[in-house]
>>> print(open('input_6.cif').read())   # mmCIF, C-alpha atoms and all ligand atoms
data_upload
#
loop_
_atom_site.label_atom_id
_atom_site.label_comp_id
_atom_site.auth_asym_id
_atom_site.auth_seq_id
_atom_site.Cartn_x
_atom_site.Cartn_y
_atom_site.Cartn_z
CA MET T 196 54.77 27.24 -96.57
CA LEU T 197 57.44 24.82 -95.48
CA GLN T 198 59.33 27.71 -94.00
CA ILE T 199 56.32 28.78 -91.94
CA GLN T 200 55.87 25.21 -90.72
CA ASN T 201 59.50 24.93 -89.71
CA CYS T 202 59.34 28.25 -88.01
CA SER T 203 56.26 27.37 -85.99
CA ARG T 204 57.82 24.04 -85.01
CA GLU T 205 60.82 25.94 -83.74
CA VAL T 206 58.67 28.33 -81.73
CA THR T 207 56.87 25.38 -80.13
CA ALA T 208 60.19 23.73 -79.28
CA ILE T 209 61.43 26.95 -77.67
CA SER T 210 58.36 27.32 -75.52
CA ILE T 211 58.54 23.66 -74.45
CA VAL T 212 62.18 23.98 -73.47
CA ASP T 213 61.57 27.20 -71.54
CA LYS T 214 58.71 25.58 -69.68
CA ILE T 215 60.78 22.51 -68.77
CA GLU T 216 63.60 24.70 -67.57
CA THR T 217 61.50 26.95 -65.37
CA THR T 218 59.35 24.20 -63.87
CA GLN T 219 62.12 21.55 -63.77
CA ASN T 220 59.41 19.21 -64.91
CA ILE T 221 58.23 17.63 -68.16
CA SER T 222 55.04 16.05 -69.50
CA VAL T 223 54.92 12.95 -71.65
CA GLU T 224 53.66 15.07 -74.58
CA GLN T 225 56.58 17.47 -74.26
CA LEU T 226 58.96 14.52 -74.15
CA GLN T 227 57.40 13.05 -77.29
CA GLN T 228 57.80 16.34 -79.13
CA LEU T 229 61.45 16.71 -78.18
CA LEU T 230 62.24 13.09 -79.08
CA ALA T 231 60.75 13.69 -82.52
CA GLY T 232 62.95 16.79 -83.04
CA GLN T 233 65.76 16.54 -85.56
CA GLU T 234 68.43 18.47 -83.74
CA ASN T 235 66.98 20.34 -80.79
CA ALA T 236 69.61 23.07 -80.99
CA TYR T 237 67.80 25.35 -78.53
CA LEU T 238 67.37 22.53 -75.99
CA LYS T 239 71.10 21.77 -76.12
CA LYS T 240 71.94 25.44 -75.79
CA ARG T 241 69.79 25.87 -72.67
CA ALA T 242 71.13 22.64 -71.13
CA ALA T 243 74.76 23.65 -71.70
CA ALA T 244 74.01 27.09 -70.21
CA ALA T 245 72.42 25.44 -67.15
CA ALA T 246 75.53 23.31 -66.63
CA ARG T 247 77.76 26.37 -66.97
CA ARG T 248 75.81 28.32 -64.36
CA ILE T 249 76.58 25.61 -61.79
CA TYR T 250 79.84 24.04 -62.90
CA GLY T 251 81.34 26.77 -65.03
CA ARG T 252 83.41 25.40 -67.90
CA SER T 253 84.87 22.63 -65.76
CA ILE T 254 84.72 19.07 -67.00
CA TYR T 255 85.47 16.47 -64.35
CA ILE T 256 87.40 13.34 -65.16
CA ARG T 257 87.11 9.97 -63.45
CA GLY T 258 89.47 7.07 -64.04
CA LEU T 259 87.55 3.90 -64.84
CA ILE T 260 89.08 0.61 -63.71
CA GLU T 261 87.21 -2.40 -65.07
CA PHE T 262 88.57 -4.87 -62.58
CA THR T 263 86.54 -8.02 -63.30
CA ASN T 264 84.32 -9.16 -66.15
CA TYR T 265 82.99 -12.22 -64.33
CA CYS T 266 79.29 -11.69 -63.76
CA GLN T 267 76.62 -13.84 -62.15
CA ASN T 268 73.87 -11.83 -63.84
CA ASP T 269 72.45 -12.55 -67.24
CA CYS T 270 71.10 -9.21 -68.49
CA PHE T 271 69.97 -9.69 -72.08
CA TYR T 272 71.76 -6.61 -73.43
CA CYS T 273 75.15 -7.04 -71.81
CA GLY T 274 78.22 -8.66 -73.34
CA ILE T 275 79.66 -9.81 -70.00
CA ARG T 276 76.46 -11.66 -68.99
CA ARG T 277 77.16 -15.07 -67.50
CA SER T 278 75.78 -17.02 -70.50
CA ASN T 279 78.14 -15.38 -72.95
CA GLN T 280 80.62 -18.17 -73.64
CA GLU T 281 82.62 -16.04 -76.05
CA THR T 282 83.79 -13.61 -73.39
CA GLU T 283 87.26 -14.32 -72.11
CA ARG T 284 87.02 -13.76 -68.37
CA TYR T 285 89.58 -11.94 -66.23
CA ARG T 286 89.92 -10.36 -62.86
CA LEU T 287 92.63 -8.00 -61.68
CA THR T 288 94.60 -8.54 -58.49
CA GLU T 289 94.69 -5.92 -55.78
CA ASP T 290 98.23 -4.99 -56.81
CA GLU T 291 97.17 -4.55 -60.42
CA ILE T 292 94.27 -2.33 -59.37
CA LEU T 293 96.57 -0.23 -57.18
CA ALA T 294 98.98 0.11 -60.09
CA CYS T 295 96.10 1.46 -62.23
CA CYS T 296 95.32 3.99 -59.49
CA LEU T 297 98.94 5.06 -59.31
CA GLU T 298 99.11 5.57 -63.05
CA GLY T 299 95.84 7.52 -62.88
CA TYR T 300 97.09 9.60 -59.99
CA ARG T 301 100.15 10.60 -61.97
CA LEU T 302 97.93 11.57 -64.89
CA GLY T 303 95.89 13.84 -62.61
CA TYR T 304 92.93 11.62 -61.73
CA ARG T 305 91.44 12.09 -58.27
CA THR T 306 88.49 9.75 -58.58
CA PHE T 307 88.77 6.05 -59.27
CA VAL T 308 85.73 4.17 -60.44
CA LEU T 309 85.98 0.46 -59.71
CA GLN T 310 83.59 -1.19 -62.09
CA GLY T 311 82.97 -4.88 -62.52
CA GLY T 312 80.44 -7.60 -63.07
CA GLU T 313 78.75 -9.15 -60.05
CA ASP T 314 81.65 -11.42 -59.23
CA ALA T 315 81.35 -13.65 -56.13
CA TYR T 316 85.15 -13.83 -55.88
CA PHE T 317 85.09 -10.23 -54.71
CA THR T 318 83.55 -10.88 -51.32
CA ASP T 319 82.74 -7.94 -49.05
CA ASP T 320 86.01 -8.57 -47.22
CA ARG T 321 87.98 -8.30 -50.46
CA VAL T 322 86.08 -5.24 -51.66
CA CYS T 323 86.55 -3.50 -48.30
CA ARG T 324 90.26 -4.29 -48.28
CA LEU T 325 90.58 -2.86 -51.74
CA ILE T 326 88.76 0.33 -50.78
CA SER T 327 90.90 0.81 -47.64
CA SER T 328 94.13 0.20 -49.55
CA ILE T 329 93.22 2.78 -52.18
CA LYS T 330 92.11 5.31 -49.59
CA LYS T 331 95.29 4.76 -47.58
CA LYS T 332 97.57 5.29 -50.56
CA PHE T 333 95.55 8.04 -52.26
CA GLY T 334 94.02 9.94 -49.35
CA ASP T 335 92.93 12.89 -51.48
CA CYS T 336 90.96 10.73 -53.92
CA ALA T 337 87.36 9.60 -54.10
CA VAL T 338 86.52 5.94 -54.61
CA THR T 339 83.45 5.10 -56.66
CA LEU T 340 82.10 1.58 -56.80
CA SER T 341 80.05 0.12 -59.64
CA ILE T 342 79.63 -3.54 -58.76
CA GLY T 343 75.90 -4.05 -58.90
CA GLU T 344 73.19 -5.15 -56.53
CA LYS T 345 74.28 -6.06 -53.00
CA SER T 346 72.57 -6.21 -49.62
CA ARG T 347 72.17 -3.05 -47.59
CA ALA T 348 74.58 -4.53 -45.06
CA SER T 349 77.25 -4.91 -47.77
CA TYR T 350 76.74 -1.34 -48.94
CA GLU T 351 77.10 -0.22 -45.35
CA ARG T 352 80.42 -2.03 -45.05
CA TYR T 353 81.74 -0.47 -48.27
CA PHE T 354 80.78 2.96 -47.00
CA SER T 355 82.50 2.39 -43.65
CA ALA T 356 85.60 1.19 -45.50
CA GLY T 357 85.75 4.58 -47.23
CA ALA T 358 83.86 4.29 -50.53
CA ASP T 359 82.35 7.66 -51.45
CA ARG T 360 80.14 7.03 -54.45
CA TYR T 361 78.21 4.22 -56.11
CA LEU T 362 77.01 3.87 -59.69
CA LEU T 363 74.09 1.58 -60.37
CA ARG T 364 72.06 2.40 -63.43
CA HIS T 365 68.38 1.66 -62.94
CA GLU T 366 68.31 0.71 -66.69
CA THR T 367 64.56 1.41 -67.02
CA ALA T 368 61.95 2.53 -64.50
CA ASP T 369 59.11 0.72 -66.26
CA MET T 370 58.37 -2.67 -64.70
CA LYS T 371 57.40 -4.47 -67.94
CA HIS T 372 60.35 -3.02 -69.82
CA TYR T 373 62.67 -4.04 -66.97
CA GLN T 374 61.44 -7.64 -67.33
CA LYS T 375 62.07 -7.50 -71.07
CA LEU T 376 65.70 -6.51 -70.51
CA HIS T 377 66.46 -8.86 -67.63
CA PRO T 378 65.96 -12.50 -66.66
CA ALA T 379 63.10 -13.36 -64.29
CA GLU T 380 65.31 -13.46 -61.20
CA MET T 381 65.97 -9.72 -61.45
CA SER T 382 63.46 -7.03 -60.54
CA LEU T 383 63.01 -3.30 -60.76
CA SER T 384 61.82 -3.15 -57.16
CA ARG T 385 65.11 -4.64 -55.96
CA ARG T 386 67.07 -2.22 -58.14
CA ARG T 387 65.13 0.72 -56.71
CA GLU T 388 65.63 -0.55 -53.19
CA CYS T 389 69.40 -0.74 -53.75
CA LEU T 390 69.51 2.83 -55.03
CA TYR T 391 67.50 4.19 -52.12
CA SER T 392 69.63 2.27 -49.60
CA LEU T 393 72.81 3.64 -51.13
CA LYS T 394 71.47 7.15 -50.91
CA GLU T 395 70.31 6.75 -47.32
CA LEU T 396 73.70 5.37 -46.31
CA GLY T 397 75.37 8.56 -47.53
CA PHE T 398 76.83 7.54 -50.88
CA GLN T 399 76.79 9.95 -53.76
CA VAL T 400 74.68 7.89 -56.09
CA GLY T 401 74.57 7.48 -59.85
CA ALA T 402 71.54 6.06 -61.67
CA GLY T 403 70.91 6.00 -65.41
CA PHE T 404 69.70 4.18 -68.46
CA MET T 405 70.44 3.26 -72.06
CA VAL T 406 68.72 5.04 -74.91
CA GLY T 407 67.10 2.83 -77.55
CA SER T 408 67.17 -0.43 -75.61
CA PRO T 409 64.75 -2.97 -77.10
CA GLY T 410 61.18 -2.25 -76.06
CA GLN T 411 61.87 1.32 -74.96
CA THR T 412 59.12 3.85 -75.74
CA ALA T 413 58.42 7.49 -74.94
CA ASP T 414 56.33 6.19 -72.03
CA THR T 415 59.16 4.12 -70.54
CA LEU T 416 61.52 7.08 -70.96
CA PHE T 417 58.98 9.28 -69.24
CA ALA T 418 59.00 6.77 -66.35
CA ASP T 419 62.81 7.10 -66.27
CA LEU T 420 62.61 10.87 -65.98
CA LYS T 421 59.94 10.65 -63.29
CA PHE T 422 62.05 8.19 -61.35
CA LEU T 423 65.13 10.42 -61.61
CA ARG T 424 63.15 13.39 -60.31
CA GLU T 425 62.02 11.28 -57.39
CA LEU T 426 65.41 9.73 -56.56
CA GLN T 427 67.44 12.91 -57.14
CA PRO T 428 70.69 11.06 -57.82
CA HIS T 429 74.00 12.92 -57.84
CA MET T 430 74.96 11.44 -61.20
CA VAL T 431 73.02 10.17 -64.21
CA GLY T 432 74.70 7.93 -66.80
CA ILE T 433 72.97 7.99 -70.17
CA GLY T 434 74.32 6.26 -73.26
CA PRO T 435 72.93 4.67 -76.40
CA PHE T 436 72.19 0.94 -76.40
CA ILE T 437 74.68 -0.85 -78.68
CA PRO T 438 74.08 -4.49 -79.59
CA GLN T 439 76.67 -7.07 -78.58
CA HIS T 440 76.58 -9.91 -81.11
CA ALA T 441 76.67 -12.82 -78.65
CA THR T 442 73.70 -11.64 -76.55
CA PRO T 443 69.96 -12.21 -77.09
CA PHE T 444 69.79 -8.60 -78.35
CA GLY T 445 72.67 -9.10 -80.78
CA ARG T 446 70.51 -8.34 -83.81
CA GLU T 447 68.64 -5.39 -82.39
CA LYS T 448 69.12 -1.85 -83.63
CA ALA T 449 71.46 0.51 -81.78
CA GLY T 450 69.98 3.51 -79.97
CA SER T 451 70.01 6.94 -81.59
CA CYS T 452 72.79 9.36 -80.69
CA GLU T 453 70.56 12.35 -81.34
CA GLN T 454 67.98 11.02 -78.88
CA THR T 455 70.75 10.31 -76.37
CA LEU T 456 71.82 13.96 -76.61
CA THR T 457 68.20 15.09 -76.29
CA LEU T 458 67.78 13.05 -73.11
CA LEU T 459 71.08 14.30 -71.68
CA SER T 460 69.86 17.86 -72.19
CA ILE T 461 66.44 17.16 -70.70
CA VAL T 462 68.02 15.58 -67.62
CA ARG T 463 70.31 18.62 -67.28
CA LEU T 464 67.21 20.85 -67.17
CA LEU T 465 65.30 18.59 -64.78
CA LEU T 466 68.23 18.01 -62.41
CA PRO T 467 70.49 21.00 -63.07
CA HIS T 468 73.04 20.01 -60.40
CA ALA T 469 73.54 16.46 -61.60
CA LEU T 470 76.90 15.18 -62.74
CA LEU T 471 76.31 13.97 -66.28
CA PRO T 472 78.93 11.91 -68.07
CA ALA T 473 79.38 11.98 -71.81
CA THR T 474 79.62 8.19 -71.99
CA THR T 475 81.98 5.89 -73.87
CA ALA T 476 78.94 4.36 -75.59
CA LEU T 477 78.11 7.77 -77.06
CA GLY T 478 81.76 8.24 -78.08
CA THR T 479 81.67 4.79 -79.69
CA LEU T 480 78.65 5.50 -81.90
CA LEU T 481 79.23 9.15 -82.70
CA PRO T 482 82.48 10.72 -83.90
CA LYS T 483 83.20 13.52 -81.44
CA GLY T 484 80.45 12.11 -79.25
CA ARG T 485 82.15 13.28 -76.07
CA GLU T 486 82.27 16.84 -77.31
CA ALA T 487 78.67 16.64 -78.51
CA GLY T 488 77.67 15.38 -75.04
CA ILE T 489 79.36 18.31 -73.33
CA LEU T 490 77.72 20.77 -75.70
CA ALA T 491 74.39 19.17 -74.75
CA GLY T 492 74.94 19.63 -71.01
CA ALA T 493 77.27 16.82 -69.87
CA ASN T 494 80.13 17.68 -67.49
CA VAL T 495 81.99 14.44 -66.73
CA LEU T 496 84.28 12.13 -68.70
CA MET T 497 85.38 8.69 -67.59
CA PRO T 498 88.50 7.59 -69.44
CA ASN T 499 89.69 4.03 -69.06
CA LEU T 500 92.52 3.24 -66.66
CA SER T 501 92.31 -0.55 -66.93
CA PRO T 502 95.48 -2.34 -68.04
CA ARG T 503 95.70 -2.46 -71.83
CA SER T 504 95.84 -6.27 -71.84
CA VAL T 505 92.30 -6.62 -70.46
CA ARG T 506 90.57 -3.67 -72.07
CA ARG T 507 89.24 -5.46 -75.11
CA LYS T 508 87.75 -8.14 -72.85
CA TYR T 509 85.34 -5.78 -71.09
CA THR T 510 82.98 -5.99 -74.02
CA LEU T 511 79.66 -4.67 -72.77
CA TYR T 512 78.83 -4.04 -76.45
CA ASP T 513 80.48 -4.42 -79.88
CA HIS T 514 83.17 -1.99 -81.08
CA LYS T 515 83.58 -0.43 -77.62
CA LEU T 516 86.36 2.13 -77.83
CA TYR T 517 89.42 1.34 -75.85
CA SER T 518 92.53 2.75 -77.46
CA GLY T 519 91.93 6.42 -78.30
CA GLU T 520 91.23 9.41 -76.13
CA GLU T 521 88.81 7.41 -74.00
CA SER T 522 91.91 5.74 -72.61
CA ALA T 523 93.45 7.60 -69.69
CA GLN T 524 96.91 7.42 -71.23
CA TYR T 525 95.75 10.00 -73.72
CA THR T 526 94.57 12.49 -71.13
CA ALA T 527 96.76 15.24 -72.62
CA ALA T 528 95.10 14.79 -76.03
CA LEU T 529 91.71 14.68 -74.36
CA LYS T 530 92.48 17.96 -72.60
CA ARG T 531 93.24 19.52 -75.96
CA SER T 532 89.99 18.38 -77.56
CA ILE T 533 87.96 19.65 -74.62
CA ASP T 534 89.89 22.90 -74.72
CA ALA T 535 89.01 23.25 -78.39
CA ILE T 536 85.29 23.42 -77.58
CA GLY T 537 85.83 26.03 -74.87
CA TYR T 538 85.83 23.78 -71.80
CA GLU T 539 88.50 22.77 -69.36
CA ILE T 540 89.37 19.45 -67.80
CA VAL T 541 89.90 19.86 -64.09
CA THR T 542 91.60 17.36 -61.88
CA ASP T 543 90.13 18.23 -58.52
CA ILE T 544 87.88 15.69 -56.86
CA GLY T 545 84.90 17.11 -58.71
CA ASP T 546 82.11 16.73 -56.22
CA PHE T 547 78.45 17.14 -56.86
CA LYS T 548 77.54 20.75 -56.23
CA PRO T 549 74.37 21.19 -54.23
CA ASP T 550 72.43 24.45 -54.32
CA ILE T 551 75.05 27.06 -55.08
CA ASN T 552 75.45 29.68 -57.75
CA VAL T 553 72.02 29.04 -59.17
CA GLY T 554 70.45 31.84 -61.13
N1 LIG F 1 74.93 -1.12 -74.87
C1 LIG F 1 75.09 0.01 -74.16
N2 LIG F 1 75.27 0.04 -72.84
C2 LIG F 1 75.34 -1.14 -72.20
N3 LIG F 1 75.50 -1.44 -70.90
C3 LIG F 1 75.51 -2.78 -70.77
N4 LIG F 1 75.34 -3.37 -71.96
C4 LIG F 1 75.22 -2.37 -72.87
C5 LIG F 1 74.99 -2.33 -74.27
N5 LIG F 1 74.85 -3.44 -74.98
C6 LIG F 1 75.52 -0.42 -69.86
C7 LIG F 1 74.45 -0.71 -68.81
C8 LIG F 1 75.25 -0.90 -67.54
C9 LIG F 1 76.54 -0.16 -67.84
C10 LIG F 1 77.70 -0.60 -67.04
O1 LIG F 1 76.76 -0.41 -69.21
O2 LIG F 1 73.56 0.40 -68.71
O3 LIG F 1 74.62 -0.38 -66.40
#
>>> encode(input="input_6.cif", output="structure tokens")
Amino acid sequence: MLQIQNCSREVTAISIVDKIETTQNISVEQLQQLLAGQENAYLKKRAAAAARRIYGRSIYIRGLIEFTNYCQNDCFYCGIRRSNQETERYRLTEDEILACCLEGYRLGYRTFVLQGGEDAYFTDDRVCRLISSIKKKFGDCAVTLSIGEKSRASYERYFSAGADRYLLRHETADMKHYQKLHPAEMSLSRRRECLYSLKELGFQVGAGFMVGSPGQTADTLFADLKFLRELQPHMVGIGPFIPQHATPFGREKAGSCEQTLTLLSIVRLLLPHALLPATTALGTLLPKGREAGILAGANVLMPNLSPRSVRRKYTLYDHKLYSGEESAQYTAALKRSIDAIGYEIVTDIGDFKPDINVG
């Protein structure tokens, strides 16, 4: 009897996955069913196949430079929020950032992701100077910014200075949930406006969300998927929520890795061309999380290029990995582990691939 039940559950899962893949759409009921699934092997298989049809077995690497952990925002989930007195603050100088790029360049990185808190010290003038210096020295590289909400005029200046891409996770597309995760001065409408401006200005844009953040439900996740289908970002960052002890969510439960993988796969089927990183947060919670992410449809890794001395200070959440293969210095070891699952790390610029090779 149990066998028959299991078998019929599997058949339902297969038909749901096939439907999502062919329509590139999902209903809230289908989402609920997949989130309840234990392993979703067929979903992962289809998602990985979809990624392979577009990107082959290439895995793109981006060098992450966490250049400041000062932040004027106070997001309830984040360890570098301004109210966190325990965080030791730092910012890198332009020379230090350029040295990180040089080290990354030598290791084969051709994209640098400058990520930081919303730090008023980094005025538009300083950010633009930084972008131009990197572009001047490393002309064949892409510069990605991840420095939060700014005015459209600021984004325009960054783009003119040479920035190519911008990562700004939307965090949740449900208004009430957004208010639960953020202080009153922040709003989902502003976040959405930023993302649309960035896209209109010509940036390759990354959105995304955490899985298992406090207050998240199948309905809020459904809103996330709907929003992603509407925005059509080039990249989608999805990682589990992990509590940071000195934040208001310090005692909340971490998100589920299995659900993170399920959502990665669903997003691969809904937006087959998207660049999908297997995130550090996933690698932190799940042994071989990076590999599991790739086998569920991810195609990007973002090892850390920040100077070793500051790495432990960029504590978005507890136990964040910073010394193993997620550190860029271990790129050779990373290449071997990716090789072992039948994929290949490539060092070209790794652009988003629009409609090619589909089918
Ligand atoms: N757990 C997991 N991810 C987090 N981020 C911030 N805090 C946490 C946390 N506690 C993510 C946010 C942000 C990105 C830089 O890191 O989604 O956009």
>>> closest_residue(input="input_6.cif", among="T:Leu383, T:Val541, T:Cys270, T:Cys452", to="ligand LIG 1 (chain F)", atoms="all atoms listed in the file")
T:Cys270
>>> residues_near_ligand(input="input_6.cif", ligand="ligand LIG 1 (chain F)", cutoff="10 Å", atoms="all atoms listed in the file", output="PyMOL selection string")
chain T and resi 261+270-276+310-312+341-343+362-367+402-408+432-440+442+444-445+447+449-450+474-477+479+510-513+515
>>> atom_distance(input="input_6.cif", atom1="atom CA of Tyr250 of chain T", atom2="atom CA of Asp419 of chain T")
24.3 Å
>>> residues_around(input="input_6.cif", residues="Gln228 of chain T", least_positions_apart="2", cutoff="12 Å", atoms="all atoms listed in the file", output="ChimeraX atom specification")
/T:204-205,207-212,221-226,230-235,238,413,454,457
>>> residues_around(input="input_6.cif", residues="His468 of chain T", least_positions_apart="6", cutoff="10 Å", atoms="only C-alpha atoms", output="PyMOL selection string")
chain T and resi 245-246+248-250+427-430+462+547-551+553
>>> residues_around(input="input_6.cif", residues="Cys389 of chain T", least_positions_apart="5", cutoff="8 Å", atoms="all atoms listed in the file", output="ChimeraX atom specification")
/T:344-347
>>> atom_distance(input="input_6.cif", atom1="atom CA of Gly299 of chain T", atom2="atom CA of Arg531 of chain T")
17.9 Å
>>> residues_near_point(input="input_6.cif", point="(97.3, -5.1, -54.9)", cutoff="12 Å", atoms="all atoms listed in the file", output="JSON, numbers by chain")
{"T": [262, 287, 288, 289, 290, 291, 292, 293, 294, 295, 296, 297, 321, 322, 324, 325, 326, 327, 328, 329, 332]}
>>> write_last_selection(input="input_6.cif", atoms="C-alpha atoms", output="PDB file, in the coordinates of the input")
ATOM      1  CA  PHE T 262      88.570  -4.870 -62.580  1.00  0.00           C
ATOM      2  CA  LEU T 287      92.630  -8.000 -61.680  1.00  0.00           C
ATOM      3  CA  THR T 288      94.600  -8.540 -58.490  1.00  0.00           C
ATOM      4  CA  GLU T 289      94.690  -5.920 -55.780  1.00  0.00           C
ATOM      5  CA  ASP T 290      98.230  -4.990 -56.810  1.00  0.00           C
ATOM      6  CA  GLU T 291      97.170  -4.550 -60.420  1.00  0.00           C
ATOM      7  CA  ILE T 292      94.270  -2.330 -59.370  1.00  0.00           C
ATOM      8  CA  LEU T 293      96.570  -0.230 -57.180  1.00  0.00           C
ATOM      9  CA  ALA T 294      98.980   0.110 -60.090  1.00  0.00           C
ATOM     10  CA  CYS T 295      96.100   1.460 -62.230  1.00  0.00           C
ATOM     11  CA  CYS T 296      95.320   3.990 -59.490  1.00  0.00           C
ATOM     12  CA  LEU T 297      98.940   5.060 -59.310  1.00  0.00           C
ATOM     13  CA  ARG T 321      87.980  -8.300 -50.460  1.00  0.00           C
ATOM     14  CA  VAL T 322      86.080  -5.240 -51.660  1.00  0.00           C
ATOM     15  CA  ARG T 324      90.260  -4.290 -48.280  1.00  0.00           C
ATOM     16  CA  LEU T 325      90.580  -2.860 -51.740  1.00  0.00           C
ATOM     17  CA  ILE T 326      88.760   0.330 -50.780  1.00  0.00           C
ATOM     18  CA  SER T 327      90.900   0.810 -47.640  1.00  0.00           C
ATOM     19  CA  SER T 328      94.130   0.200 -49.550  1.00  0.00           C
ATOM     20  CA  ILE T 329      93.220   2.780 -52.180  1.00  0.00           C
ATOM     21  CA  LYS T 332      97.570   5.290 -50.560  1.00  0.00           C
TER      22      LYS T 332
END
>>> decode(input="input_6.cif", residues="segment 199-224 of chain T", atoms="C-alpha atoms", output="compact mmCIF listing (two decimals), in the first residue's frame")
# COMPACT_ATOMS: atom_id res chain seq x y z
CA ILE T 199 1.50 2.42 -4.25
CA GLN T 200 1.16 5.71 -2.37
CA ASN T 201 4.80 6.57 -2.92
CA CYS T 202 4.54 5.65 -6.53
CA SER T 203 1.49 7.82 -7.13
CA ARG T 204 3.15 10.72 -5.32
CA GLU T 205 6.09 10.35 -7.66
CA VAL T 206 3.86 10.32 -10.72
CA THR T 207 2.16 13.52 -9.53
CA ALA T 208 5.54 15.17 -8.93
CA ILE T 209 6.67 14.22 -12.43
CA SER T 210 3.59 15.66 -14.06
CA ILE T 211 3.88 18.88 -12.03
CA VAL T 212 7.52 19.32 -13.00
CA ASP T 213 6.80 18.66 -16.68
CA LYS T 214 3.99 21.19 -16.62
CA ILE T 215 6.16 23.85 -14.97
CA GLU T 216 8.91 23.24 -17.49
CA THR T 217 6.73 23.46 -20.57
CA THR T 218 4.68 26.44 -19.44
CA GLN T 219 7.53 28.21 -17.60
CA ASN T 220 4.90 28.96 -15.02
CA ILE T 221 3.78 27.59 -11.66
CA SER T 222 0.64 27.69 -9.51
CA VAL T 223 0.62 28.13 -5.75
CA GLU T 224 -0.71 24.56 -5.37
